[in-house]
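**Q** Input structure: data.txt, which contains compact mmCIF, C-alpha atoms.
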```
# COMPACT_ATOMS: atom_id res chain seq x y z
CA MET A 1186 0.00 0.00 0.00
CA PRO A 1187 1.41 3.42 -0.85
CA ILE A 1188 2.62 5.54 2.03
CA ASN A 1189 0.17 8.32 2.74
CA LYS A 1190 0.66 10.46 5.84
CA VAL A 1191 -1.99 13.00 4.87
CA VAL A 1192 -4.98 12.98 7.22
CA ALA A 1193 -8.32 14.61 6.49
CA SER A 1194 -8.73 17.02 9.37
CA PHE A 1195 -6.99 18.72 12.26
CA ASP A 1196 -9.40 17.05 14.68
CA GLU A 1197 -8.52 13.61 13.33
CA ALA A 1198 -4.80 14.41 13.44
CA VAL A 1199 -4.76 15.01 17.22
CA ALA A 1200 -7.62 12.70 18.25
CA ASP A 1201 -5.44 10.10 20.01
CA MET A 1202 -3.78 12.56 22.41
CA GLN A 1203 -4.00 11.38 26.03
CA ASP A 1204 -4.04 13.13 29.40
CA GLY A 1205 -0.56 14.04 30.63
CA ALA A 1206 1.01 14.06 27.15
CA VAL A 1207 4.24 15.97 26.58
CA VAL A 1208 3.69 18.18 23.54
CA LEU A 1209 6.28 20.14 21.56
CA VAL A 1210 4.79 23.19 19.84
CA GLY A 1211 6.79 24.60 16.94
CA GLY A 1212 7.33 28.16 15.82
CA PHE A 1213 9.07 31.06 17.49
CA GLY A 1214 6.30 33.45 18.53
CA PRO A 1215 4.98 35.20 15.41
CA ILE A 1216 1.84 33.53 14.07
CA ALA A 1217 3.17 32.73 10.58
CA SER A 1218 5.37 29.96 11.98
CA THR A 1219 2.79 28.69 14.53
CA PRO A 1220 0.73 25.48 14.10
CA SER A 1221 -2.47 27.42 14.87
CA ARG A 1222 -5.06 24.95 13.62
CA LEU A 1223 -3.45 22.01 15.38
CA LEU A 1224 -3.48 23.97 18.64
CA GLU A 1225 -7.11 24.86 18.08
CA ALA A 1226 -7.91 21.16 17.54
CA VAL A 1227 -6.12 20.19 20.78
CA SER A 1228 -8.03 22.91 22.64
CA LYS A 1229 -11.29 21.18 21.68
CA LEU A 1230 -10.18 17.85 23.17
CA LYS A 1231 -10.96 16.76 26.72
CA VAL A 1232 -7.27 16.08 27.45
CA LYS A 1233 -5.69 17.75 30.45
CA ASN A 1234 -2.45 17.92 32.47
CA LEU A 1235 -0.41 18.54 29.33
CA THR A 1236 3.26 19.47 29.54
CA VAL A 1237 3.96 21.82 26.66
CA VAL A 1238 7.36 22.80 25.29
CA SER A 1239 7.50 25.99 23.23
CA ASN A 1240 9.69 29.03 22.78
CA SER A 1241 6.99 31.60 23.49
CA GLY A 1242 4.39 31.74 26.24
CA GLY A 1243 1.87 32.88 23.65
CA PHE A 1244 0.08 36.12 22.97
CA GLY A 1245 -3.43 34.88 22.15
CA ILE A 1246 -5.99 35.02 19.36
CA GLU A 1247 -6.80 38.68 20.09
CA VAL A 1248 -3.30 39.63 18.97
CA TRP A 1249 -3.00 37.38 15.94
CA GLY A 1250 -6.52 36.53 14.77
CA GLU A 1251 -5.55 32.86 15.11
CA HIS A 1252 -4.69 30.71 18.11
CA ASP A 1253 -1.17 30.23 19.40
CA VAL A 1254 0.00 28.21 22.40
CA GLU A 1255 -1.89 30.60 24.66
CA VAL A 1256 -5.11 28.72 23.89
CA LEU A 1257 -3.93 25.76 25.99
CA HIS A 1258 -3.64 28.11 28.98
CA ARG A 1259 -7.03 29.61 28.21
CA THR A 1260 -8.60 26.14 28.35
CA GLY A 1261 -6.56 25.23 31.44
CA GLN A 1262 -5.27 22.07 29.73
CA MET A 1263 -1.63 22.83 30.45
CA LYS A 1264 -0.16 21.95 33.85
CA LYS A 1265 3.47 22.68 32.99
CA HIS A 1266 5.10 24.93 30.41
CA ILE A 1267 8.75 24.39 29.46
CA VAL A 1268 9.55 27.71 27.84
CA SER A 1269 12.26 30.27 27.08
CA ALA A 1270 10.20 33.42 26.51
CA PRO A 1271 7.07 32.99 28.66
CA VAL A 1272 6.17 36.63 29.08
CA ASN A 1273 6.67 39.90 27.28
CA GLN A 1274 7.05 43.50 28.30
CA TRP A 1275 3.89 44.73 26.62
CA VAL A 1276 0.97 42.72 27.96
CA GLU A 1277 0.31 40.29 30.77
CA ASN A 1278 -0.54 37.09 28.91
CA THR A 1279 -2.72 34.23 30.09
CA LEU A 1280 0.32 32.21 31.15
CA GLU A 1281 1.49 34.99 33.45
CA LYS A 1282 -1.97 35.29 35.02
CA ARG A 1283 -2.21 31.53 35.54
CA TYR A 1284 1.31 31.39 36.94
CA ARG A 1285 0.54 34.08 39.50
CA ALA A 1286 -2.62 32.20 40.43
CA GLY A 1287 -0.56 29.04 41.01
CA GLU A 1288 -2.37 27.17 38.23
CA VAL A 1289 0.62 26.28 36.07
CA GLU A 1290 4.27 25.39 36.56
CA ILE A 1291 6.96 27.09 34.46
CA GLU A 1292 10.32 25.51 33.66
CA MET A 1293 12.62 28.20 32.28
CA VAL A 1294 15.06 27.12 29.59
CA ALA A 1295 17.60 29.13 27.61
CA GLN A 1296 16.47 29.12 23.99
CA GLY A 1297 19.53 27.39 22.56
CA THR A 1298 19.37 24.78 25.32
CA MET A 1299 15.74 24.13 24.46
CA ALA A 1300 16.70 23.60 20.82
CA GLU A 1301 19.48 21.16 21.73
CA ARG A 1302 17.43 19.23 24.31
CA ILE A 1303 14.84 18.69 21.58
CA ARG A 1304 17.40 17.87 18.91
CA ALA A 1305 19.06 15.43 21.33
CA ALA A 1306 15.79 13.54 21.75
CA LYS A 1307 15.39 13.36 17.99
CA ALA A 1308 18.98 12.17 17.57
CA GLY A 1309 18.70 9.43 20.20
CA LEU A 1310 20.93 11.19 22.75
CA GLY A 1311 20.30 11.33 26.48
CA GLY A 1312 21.26 14.96 26.81
CA ILE A 1313 23.84 17.59 26.00
CA LEU A 1314 26.53 19.63 27.76
CA THR A 1315 26.26 23.38 27.39
CA PRO A 1316 28.16 26.29 28.97
CA VAL A 1317 24.94 28.33 28.88
CA GLY A 1318 23.39 28.76 32.31
CA VAL A 1319 26.58 28.19 34.32
CA ASP A 1320 26.66 30.61 37.32
CA THR A 1321 22.95 31.37 36.86
CA ALA A 1322 19.72 30.21 38.50
CA LEU A 1323 19.40 27.58 35.76
CA GLU A 1324 22.39 25.72 37.20
CA LYS A 1325 20.34 24.68 40.24
CA GLY A 1326 19.82 20.94 40.50
CA LYS A 1327 21.91 20.18 37.41
CA GLU A 1328 25.13 18.25 37.14
CA VAL A 1329 28.12 20.45 36.28
CA LYS A 1330 30.88 18.83 34.21
CA GLU A 1331 34.29 20.39 33.78
CA ILE A 1332 35.93 19.67 30.44
CA ASN A 1333 39.34 21.15 29.63
CA GLY A 1334 38.89 23.68 32.40
CA LYS A 1335 35.51 24.94 31.24
CA LYS A 1336 32.21 24.33 33.03
CA TYR A 1337 29.19 22.83 31.32
CA LEU A 1338 25.69 21.95 32.50
CA LEU A 1339 24.27 18.53 31.79
CA GLU A 1340 20.90 19.21 30.16
CA LEU A 1341 18.68 16.22 29.52
CA ALA A 1342 16.87 15.43 26.28
CA ILE A 1343 13.19 16.33 26.25
CA LYS A 1344 11.28 13.20 25.32
CA ALA A 1345 7.89 14.12 23.92
CA ASP A 1346 4.74 12.33 22.87
CA TYR A 1347 3.69 14.79 20.18
CA ALA A 1348 5.35 17.49 18.09
CA LEU A 1349 2.91 19.95 16.52
CA ILE A 1350 4.70 21.87 13.80
CA ARG A 1351 4.04 24.14 10.84
CA ALA A 1352 5.57 24.00 7.35
CA HIS A 1353 4.79 25.38 3.91
CA LYS A 1354 4.58 22.33 1.64
CA ALA A 1355 4.56 18.59 2.19
CA ASP A 1356 4.22 15.50 0.02
CA ARG A 1357 2.49 12.28 1.06
CA TRP A 1358 5.76 10.89 2.43
CA GLY A 1359 5.96 13.81 4.85
CA ASN A 1360 8.89 15.59 3.24
CA LEU A 1361 8.74 19.27 4.20
CA VAL A 1362 9.81 22.66 2.95
CA TYR A 1363 9.41 25.90 4.87
CA ARG A 1364 9.10 29.56 4.01
CA GLY A 1365 11.66 32.15 5.12
CA THR A 1366 12.25 32.30 8.84
CA SER A 1367 9.41 29.87 9.61
CA ARG A 1368 11.72 26.88 10.07
CA THR A 1369 12.65 27.99 13.60
CA PHE A 1370 11.59 25.34 16.12
CA ASN A 1371 9.38 23.63 13.53
CA ALA A 1372 12.26 21.93 11.73
CA THR A 1373 14.06 21.38 15.06
CA MET A 1374 11.06 19.58 16.58
CA ALA A 1375 10.22 17.42 13.56
CA GLY A 1376 10.94 13.85 14.61
CA ALA A 1377 11.64 14.73 18.25
CA ALA A 1378 8.41 13.10 19.47
CA ARG A 1379 6.67 9.76 19.23
CA VAL A 1380 4.19 11.39 16.82
CA THR A 1381 5.07 14.42 14.68
CA ILE A 1382 2.09 16.21 13.15
CA VAL A 1383 2.60 18.98 10.63
CA GLU A 1384 0.20 21.71 9.54
CA VAL A 1385 0.96 22.81 5.97
CA ASP A 1386 -0.33 25.31 3.43
CA GLN A 1387 -0.22 22.78 0.64
CA VAL A 1388 0.32 19.11 -0.17
CA VAL A 1389 2.06 18.48 -3.48
CA GLU A 1390 2.59 15.34 -5.55
CA LEU A 1391 5.51 13.11 -4.72
CA GLY A 1392 8.46 14.30 -6.78
CA GLU A 1393 7.42 17.94 -6.88
CA LEU A 1394 9.67 18.89 -3.98
CA ASN A 1395 13.27 19.25 -5.01
CA PRO A 1396 15.28 16.79 -2.85
CA GLU A 1397 17.99 19.41 -2.46
CA GLU A 1398 15.47 21.82 -0.96
CA ILE A 1399 13.72 19.43 1.43
CA VAL A 1400 14.57 20.60 4.96
CA THR A 1401 12.78 17.88 6.91
CA PRO A 1402 13.00 14.37 5.49
CA GLY A 1403 9.64 12.59 5.56
CA VAL A 1404 10.80 9.87 7.92
CA LEU A 1405 10.63 12.43 10.75
CA VAL A 1406 6.94 13.15 10.10
CA ASN A 1407 3.92 10.96 10.94
CA ARG A 1408 0.88 13.02 9.97
CA VAL A 1409 0.26 15.88 7.54
CA VAL A 1410 -2.81 18.16 7.55
CA VAL A 1411 -3.59 20.98 5.12
CA ARG A 1412 -4.83 24.34 6.36
CA MET B 1378 22.68 69.22 40.61
CA THR B 1379 20.54 70.32 37.71
CA GLU B 1380 19.51 67.64 35.30
CA LYS B 1381 22.14 67.40 32.58
CA GLU B 1382 21.37 66.32 29.08
CA ARG B 1383 21.81 62.63 28.28
CA ILE B 1384 22.30 61.13 24.85
CA ASP B 1385 19.22 59.50 23.36
CA GLU B 1386 18.80 55.90 22.25
CA GLN B 1387 19.48 56.69 18.60
CA THR B 1388 22.78 58.28 19.56
CA GLN B 1389 23.68 55.33 21.79
CA ALA B 1390 22.93 53.01 18.85
CA LEU B 1391 25.06 55.18 16.57
CA ARG B 1392 27.95 54.92 19.06
CA VAL B 1393 27.60 51.12 19.31
CA ALA B 1394 27.54 50.75 15.54
CA ARG B 1395 31.01 52.30 15.40
CA GLU B 1396 32.24 49.02 16.87
CA PHE B 1397 31.05 47.10 13.79
CA GLU B 1398 33.81 46.14 11.40
CA ASP B 1399 33.84 44.78 7.88
CA GLY B 1400 32.74 41.16 7.69
CA MET B 1401 31.50 40.94 11.26
CA VAL B 1402 28.49 38.86 12.28
CA VAL B 1403 26.34 40.86 14.68
CA ASN B 1404 23.28 39.86 16.70
CA LEU B 1405 21.00 42.63 17.93
CA GLY B 1406 18.65 42.15 20.87
CA ILE B 1407 15.08 43.39 21.07
CA GLY B 1408 14.50 47.11 21.70
CA THR B 1409 17.17 49.80 21.44
CA PRO B 1410 19.82 47.37 20.08
CA THR B 1411 17.78 46.86 16.89
CA LEU B 1412 18.36 50.55 16.11
CA CYS B 1413 22.08 49.82 15.59
CA SER B 1414 21.36 48.29 12.17
CA ASN B 1415 20.46 51.76 10.93
CA PHE B 1416 23.96 53.04 11.60
CA VAL B 1417 26.33 50.57 9.96
CA PRO B 1418 29.31 52.64 8.81
CA THR B 1419 29.15 53.33 5.08
CA GLY B 1420 30.99 50.82 2.94
CA LYS B 1421 31.20 48.20 5.64
CA GLU B 1422 29.61 44.80 5.04
CA VAL B 1423 28.11 43.62 8.33
CA LEU B 1424 26.00 40.45 8.54
CA PHE B 1425 23.13 40.54 11.02
CA HIS B 1426 22.17 37.28 12.69
CA SER B 1427 18.71 36.77 14.14
CA GLU B 1428 18.11 33.96 16.63
CA ASN B 1429 14.94 32.81 14.91
CA GLY B 1430 17.11 31.63 12.03
CA ALA B 1431 18.34 34.25 9.57
CA LEU B 1432 21.72 35.65 8.62
CA GLY B 1433 22.58 38.51 6.32
CA PHE B 1434 19.07 39.96 5.99
CA GLY B 1435 18.35 43.54 5.00
CA GLU B 1436 16.58 46.50 6.56
CA VAL B 1437 13.50 46.34 8.74
CA TYR B 1438 10.26 47.32 7.03
CA THR B 1439 8.89 50.33 8.83
CA THR B 1440 5.57 50.60 7.04
CA GLY B 1441 3.91 47.35 8.04
CA GLU B 1442 4.56 45.68 4.69
CA GLY B 1443 6.85 42.73 4.11
CA ASP B 1444 6.54 38.96 4.39
CA PRO B 1445 5.33 37.58 7.75
CA ASN B 1446 7.51 34.57 6.96
CA LEU B 1447 10.66 36.69 6.97
CA VAL B 1448 11.05 38.33 10.35
CA ASN B 1449 13.75 39.20 12.87
CA ALA B 1450 13.79 38.17 16.54
CA SER B 1451 11.49 41.08 17.38
CA GLY B 1452 8.95 39.74 14.89
CA GLN B 1453 9.49 42.69 12.55
CA ALA B 1454 9.41 41.94 8.81
CA VAL B 1455 12.84 42.40 7.24
CA LYS B 1456 13.96 42.78 3.65
CA SER B 1457 15.58 39.92 1.83
CA GLN B 1458 18.97 40.66 0.32
CA PRO B 1459 21.52 38.77 -1.78
CA GLY B 1460 23.56 36.34 0.30
CA MET B 1461 20.93 35.95 3.00
CA SER B 1462 20.41 32.49 4.49
CA VAL B 1463 17.71 30.96 6.70
CA PHE B 1464 17.99 27.97 9.04
CA GLU B 1465 16.28 26.17 11.91
CA HIS B 1466 16.74 26.84 15.59
CA ALA B 1467 19.39 24.27 16.51
CA GLU B 1468 21.57 25.59 13.68
CA SER B 1469 20.90 29.17 14.71
CA PHE B 1470 22.10 28.49 18.24
CA ALA B 1471 25.02 26.40 17.03
CA ILE B 1472 26.08 29.61 15.28
CA ILE B 1473 25.69 31.48 18.58
CA ARG B 1474 27.34 29.00 20.93
CA GLY B 1475 29.90 27.93 18.36
CA GLY B 1476 31.54 31.35 18.50
CA PHE B 1477 30.46 32.65 15.10
CA ILE B 1478 28.89 35.82 16.51
CA ASP B 1479 31.48 38.61 16.64
CA ILE B 1480 29.32 41.08 18.54
CA THR B 1481 26.03 40.78 20.37
CA VAL B 1482 24.28 43.96 21.48
CA MET B 1483 21.62 43.72 24.16
CA GLY B 1484 19.91 45.66 26.90
CA GLY B 1485 20.81 45.36 30.56
CA LEU B 1486 19.22 45.72 33.98
CA GLN B 1487 22.52 45.44 35.88
CA VAL B 1488 26.16 44.97 34.94
CA SER B 1489 28.75 44.23 37.62
CA GLU B 1490 32.34 45.42 37.74
CA LYS B 1491 33.40 41.90 36.80
CA GLY B 1492 31.22 41.99 33.69
CA ASP B 1493 28.40 39.87 35.07
CA LEU B 1494 25.13 40.61 33.30
CA ALA B 1495 21.58 40.55 34.65
CA ASN B 1496 18.91 41.31 32.09
CA TRP B 1497 16.19 38.69 32.17
CA LEU B 1498 14.27 38.94 35.40
CA ILE B 1499 13.23 41.66 37.80
CA PRO B 1500 12.67 39.62 40.98
CA LYS B 1501 9.54 41.45 42.07
CA ARG B 1502 7.86 40.53 38.79
CA GLN B 1503 8.41 36.78 39.49
CA VAL B 1504 8.51 35.85 35.81
CA GLY B 1505 10.86 36.95 33.06
CA THR B 1506 12.03 35.99 29.61
CA ILE B 1507 15.39 34.42 28.83
CA GLY B 1508 14.95 33.90 25.09
CA GLY B 1509 18.36 33.85 23.44
CA ALA B 1510 19.99 36.19 25.97
CA MET B 1511 21.85 33.54 27.98
CA ASP B 1512 23.25 31.82 24.89
CA LEU B 1513 24.32 35.14 23.37
CA ALA B 1514 25.81 36.59 26.55
CA CYS B 1515 27.66 33.35 27.27
CA CYS B 1516 29.05 32.63 23.84
CA ALA B 1517 29.33 35.68 21.58
CA LYS B 1518 32.92 36.86 21.12
CA ARG B 1519 32.06 40.34 22.32
CA VAL B 1520 29.07 41.48 24.40
CA ILE B 1521 28.02 45.12 24.23
CA ILE B 1522 25.33 46.39 26.59
CA ILE B 1523 23.26 49.41 25.70
CA MET B 1524 21.28 50.78 28.64
CA SER B 1525 20.48 53.81 30.75
CA HIS B 1526 23.24 54.54 33.26
CA VAL B 1527 20.92 54.43 36.27
CA ALA B 1528 17.49 52.89 36.85
CA LYS B 1529 14.29 54.94 36.72
CA ASP B 1530 14.23 55.05 40.54
CA GLY B 1531 17.79 56.41 40.55
CA SER B 1532 19.43 53.19 41.73
CA TYR B 1533 22.73 52.00 40.28
CA LYS B 1534 22.67 49.75 37.22
CA ILE B 1535 26.45 49.47 37.10
CA VAL B 1536 27.06 47.68 40.38
CA LYS B 1537 29.69 45.88 42.42
CA LYS B 1538 27.63 42.71 42.41
CA CYS B 1539 24.36 42.05 40.59
CA SER B 1540 21.37 41.63 42.88
CA TYR B 1541 19.13 40.48 40.03
CA PRO B 1542 19.41 36.91 38.65
CA LEU B 1543 22.34 36.57 36.26
CA THR B 1544 22.08 36.02 32.53
CA ALA B 1545 25.77 35.05 32.38
CA SER B 1546 28.88 35.78 34.44
CA HIS B 1547 32.04 37.55 33.23
CA CYS B 1548 30.59 38.21 29.81
CA VAL B 1549 30.22 41.94 29.21
CA ASP B 1550 32.96 43.73 27.25
CA LEU B 1551 31.57 47.21 26.69
CA ILE B 1552 28.77 49.27 28.26
CA VAL B 1553 27.30 52.15 26.30
CA THR B 1554 24.98 54.20 28.49
CA ASP B 1555 23.20 57.51 28.02
CA ILE B 1556 26.14 59.30 29.65
CA ALA B 1557 29.25 57.14 29.24
CA VAL B 1558 31.17 54.44 27.42
CA ILE B 1559 32.79 51.99 29.82
CA GLU B 1560 35.02 49.05 29.03
CA VAL B 1561 35.09 45.99 31.27
CA THR B 1562 38.68 44.86 31.84
CA GLY B 1563 40.47 42.39 34.10
CA HIS B 1564 41.48 45.32 36.28
CA GLY B 1565 38.04 46.86 36.57
CA LEU B 1566 35.73 49.22 34.73
CA VAL B 1567 37.50 51.77 32.54
CA LEU B 1568 35.70 55.00 31.72
CA LYS B 1569 36.62 55.77 28.13
CA GLU B 1570 34.12 58.33 26.92
CA VAL B 1571 31.66 60.74 28.49
CA ALA B 1572 28.54 62.38 27.05
CA PRO B 1573 28.87 66.06 26.10
CA GLY B 1574 28.89 68.25 29.20
CA TRP B 1575 29.54 65.42 31.65
CA THR B 1576 32.64 64.99 33.80
CA ALA B 1577 34.23 61.76 34.98
CA GLU B 1578 33.41 62.72 38.59
CA GLU B 1579 29.73 63.11 37.78
CA ILE B 1580 29.66 59.71 36.10
CA GLN B 1581 31.46 58.12 39.04
CA ARG B 1582 28.75 59.40 41.39
CA LEU B 1583 26.15 57.47 39.37
CA THR B 1584 28.27 54.29 39.28
CA GLU B 1585 28.66 52.00 42.29
CA PRO B 1586 32.10 50.46 41.63
CA THR B 1587 35.16 52.68 41.38
CA LEU B 1588 35.89 53.61 37.78
CA ILE B 1589 39.36 53.69 36.29
CA ILE B 1590 39.57 56.87 34.24
CA ALA B 1591 41.27 56.13 30.93
CA PRO B 1592 44.22 58.48 30.31
CA ASP B 1593 42.63 59.45 27.00
CA CYS B 1594 39.07 59.65 28.35
CA HIS B 1595 37.22 62.00 26.06
CA GLU B 1596 33.83 63.26 24.99
CA ILE B 1597 31.86 60.79 22.83
CA SER B 1598 32.39 61.77 19.21
CA PHE B 1599 30.85 60.40 16.04
```
When written as structure tokens, how does the structure in this file appear?
**A**
Amino acid sequence: MPINKVVASFDEAVADMQDGAVVLVGGFGPIASTPSRLLEAVSKLKVKNLTVVSNSGGFGIEVWGEHDVEVLHRTGQMKKHIVSAPVNQWVENTLEKRYRAGEVEIEMVAQGTMAERIRAAKAGLGGILTPVGVDTALEKGKEVKEINGKKYLLELAIKADYALIRAHKADRWGNLVYRGTSRTFNATMAGAARVTIVEVDQVVELGELNPEEIVTPGVLVNRVVVR
Amino acid sequence: MTEKERIDEQTQALRVAREFEDGMVVNLGIGTPTLCSNFVPTGKEVLFHSENGALGFGEVYTTGEGDPNLVNASGQAVKSQPGMSVFEHAESFAIIRGGFIDITVMGGLQVSEKGDLANWLIPKRQVGTIGGAMDLACCAKRVIIIMSHVAKDGSYKIVKKCSYPLTASHCVDLIVTDIAVIEVTGHGLVLKEVAPGWTAEEIQRLTEPTLIIAPDCHEISF
């Protein structure tokens, strides 16, 4: 039977998510690189106690006209947010309100460390050693290794159940290309979870994507849904 | 003391941009640092890196046009230009941690006399944003901080020891404030330039650690 990773709807794509799942959410912050429809579909599920990993804490549909990761705070489905940029200087977002109310746990991560902890999981590694965070609050509770006189923190791989990502085009094998700066955490997270689901603008015939331009090889992707 | 005139953010950015040299890779933080891209010395080819995965992009669109799929770390649409490249996040931070960034320019809440930087969390706010700041402060070849010399409440921002949570230790190389340019050295903080009308003594009064006055300390010139 021919490989076909394309599923009919966003609802169908996320339907098997369970309570307590660890979910990677791609993008950087701006809506163009955010898997908005996948997040909306998750927000309609009954699942709760999610641990979400994303760069941004989310701004909300009022800012963008589409949902970002903020919707999972709005619904109260998230119990823990592993995040590098949870809040911003302009508005108090839903995450900040929930955090102050004691409704959600935040794990702060330096952005590059987040990228490598995710990439490590994808690459079958247990963790990485980074100099970033040494002498800071992020050192607390972590093993410090000294290599050639320089200190590094042992940062563990983030093993996830789902990666929700956004790309521009896909084929039925799950090969992906992205537009401009929208690779960000999307390409990093592809393949870093048990199930990687990608929201795309367009599905094209096999062979239409130039192999030299494919950023994410299809083997890293499980499900494709068109916006 | 009557309130003396301080240099504005544009002028601070102009001063920082004088540090950019031909062929350098420069990362600009959110806020005032982004202004530095407007002041690249004529004829110099400087490549700007943005943590969200772009290198060698052009000017920021100021009119709300542009492609939402081509943005800088502040989310502003930028112009494409020949030679530009885009990449995913792990690659972007490999570029940062791998030592390929010649200069990073960012804001600061506190800088200590040893060059420790605190710029991600004001304790009373409980939450803050790290973003790429720790990676950049830790691993860029040169860290330049652009900030006001003292806090809004008049407290020191250039301090003996940071009271706010650190972004990275021993990382800052140069501080460009609204009244002074100070270099962080192994011997201490060296006052190199002062804003027009300001004396070294006046700047010392607004700085907690003792400043070393450079023998050629002079008025900031452009």
**Q** Name the closest residue to A:Ser1218 among the candidates A:Gly1312, A:Met1263, A:Ser1241, A:Glu1301; distances are taken between atoms, counting all atoms listed in the file.
**A** A:Ser1241
**Q** In Å, with one decimal, what is the gap from atom CA of A:Glu1277 to atom CA of B:Ile1407?
**A**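 Those two atoms sit 17.9 Å apart.
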**Q** Just give me the gap between atom CA of B:Trp1575 and atom CA of B:Lys1534 in Å, one decimal is fine.
**A**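 The value is 18.0 Å.
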**Q** Let me make sure I understand: among B:Gly1505, B:Val1448, B:Glu1490, B:Gly1433, which one has the smallest atom-to-atom distance to A:Leu1280 if we use all atoms listed in the file?
**A**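 Going through B:Gly1505, B:Val1448, B:Glu1490, B:Gly1433 one by one, the smallest distance to A:Leu1280 is for B:Gly1505.
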**Q** Identify every residue of chain A that has at least one atom within 6 Å of any atom of chain B, counting only C-alpha atoms, and report the result as a compact mmCIF listing (two decimals) with C-alpha atoms, keeping the file's coordinate frame.
**A**
```txt
# COMPACT_ATOMS: atom_id res chain seq x y z
CA ALA A 1217 3.17 32.73 10.58
CA SER A 1269 12.26 30.27 27.08
CA ALA A 1270 10.20 33.42 26.51
CA PRO A 1271 7.07 32.99 28.66
CA VAL A 1272 6.17 36.63 29.08
CA ALA A 1295 17.60 29.13 27.61
CA GLN A 1296 16.47 29.12 23.99
CA GLY A 1297 19.53 27.39 22.56
CA ALA A 1300 16.70 23.60 20.82
CA VAL A 1317 24.94 28.33 28.88
CA THR A 1321 22.95 31.37 36.86
CA GLY A 1365 11.66 32.15 5.12
CA THR A 1366 12.25 32.30 8.84
CA SER A 1367 9.41 29.87 9.61
CA ARG A 1368 11.72 26.88 10.07
CA THR A 1369 12.65 27.99 13.60
CA PHE A 1370 11.59 25.34 16.12
CA ALA A 1372 12.26 21.93 11.73
```
**Q** Quick one, how far is atom CA of A:Arg1351 from atom CA of A:Arg1364?
**A**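 Atom-to-atom, atom CA of A:Arg1351 and atom CA of A:Arg1364 are spaced 10.1 Å apart.
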**Q** Can you work out which one of A:Asp1346, A:Val1329, A:Leu1323, A:Lys1282 has the shortest atom-to-atom distance to A:Val1237, counting all atoms listed in the file?
**A**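 Under the stated criterion, the closest residue is A:Asp1346.
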**Q** Could you name the residues that touch A:Gly1242 at 10 Å or less, counting all atoms listed in the file, but leaving out those on the same chain fewer than 6 positions away, as number ranges by chain?
**A** A: 1213-1214, 1253-1255, 1258, 1266-1273, 1278-1281, 1291; B: 1506
**Q** Which centre and which edge lengths, in Å to one decimal, describe the axis-aligned box that holds all listed atoms of stretch 1244-1257 of chain A after 8 Å is added on each side, as AutoDock Vina command-line options?
**A**
```
--center_x -3.4 --center_y 32.7 --center_z 20.4 --size_x 22.9 --size_y 29.9 --size_z 27.2
```
**Q** Pick out the residues sitting within 10 Å of B:Thr1481, and hand them over as a list of chain:residue names; count all atoms listed in the file, and ignore anything fewer than 5 positions along from it in its own chain.
**A**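 Once the adjacent positions are removed, what remains is B:Val1402, B:Val1403, B:Asn1404, B:Leu1405, B:Gly1406, B:Pro1410, B:Phe1425, B:His1426, B:Ile1473, B:Ala1510, B:Leu1513, B:Ala1514, B:Cys1516, B:Ala1517, B:Lys1518, B:Arg1519, B:Val1520, B:Ile1521, B:Ile1522, B:Val1549.
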**Q** When you look at A:Leu1338 with a cut-off of 10 Å (counting only C-alpha atoms), what residues show up, excluding the ones that are within fewer than 5 positions of it in the same chain? I need them as a VMD selection string.
**A** chain A and resid 1298 1313 to 1320 1323 to 1331
**Q** Neighbouring residues of B:Tyr1533 were defined as those with any atom within 7 Å, considering all atoms listed in the file; residues of the same chain fewer than 4 positions away were excluded. Please report them as a list of chain:residue names.
**A**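 In the requested form, the answer reads B:Val1527, B:Ala1528, B:Leu1583, B:Thr1584, B:Glu1585.
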**Q** Which protein, DNA or RNA residues are at most 6 Å from (9.9, 25.4, 3.7) in the file's coordinates when you count all atoms listed in the file, listed as a ChimeraX atom specification?
**A** /A:1352-1353,1362-1364
**Q** So that I can check the surroundings of A:Lys1233, please list as a PyMOL selection string every protein, DNA and RNA residue that reaches within 8 Å of it, counting only C-alpha atoms and ignoring chain neighbours fewer than 4 positions away.
**A** chain A and resi 1203-1205+1261-1264
**Q** Closest to A:Val1411 among A:Ala1200, A:Leu1361, A:Met1186, A:Ala1355, using only C-alpha atoms?
**A** A:Ala1355
**Q** For stretch 1502-1507 of chain B, supply N, CA and C atoms and format the output as a compact mmCIF listing (two decimals), keeping the file's coordinate frame.
**A**
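Written output follows (part-v7.txt):
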```txt
# COMPACT_ATOMS: atom_id res chain seq x y z
N ARG B 1502 8.85 40.91 39.78
CA ARG B 1502 7.86 40.53 38.79
C ARG B 1502 7.66 39.01 38.74
N GLN B 1503 8.50 38.25 39.38
CA GLN B 1503 8.41 36.78 39.49
C GLN B 1503 8.72 36.03 38.21
N VAL B 1504 8.25 36.54 37.08
CA VAL B 1504 8.51 35.85 35.81
C VAL B 1504 9.30 36.78 34.89
N GLY B 1505 10.09 36.18 34.02
CA GLY B 1505 10.86 36.95 33.06
C GLY B 1505 11.04 36.15 31.80
N THR B 1506 11.80 36.68 30.87
CA THR B 1506 12.03 35.99 29.61
C THR B 1506 13.53 35.87 29.36
N ILE B 1507 13.97 34.63 29.14
CA ILE B 1507 15.39 34.42 28.83
C ILE B 1507 15.61 34.53 27.33
```
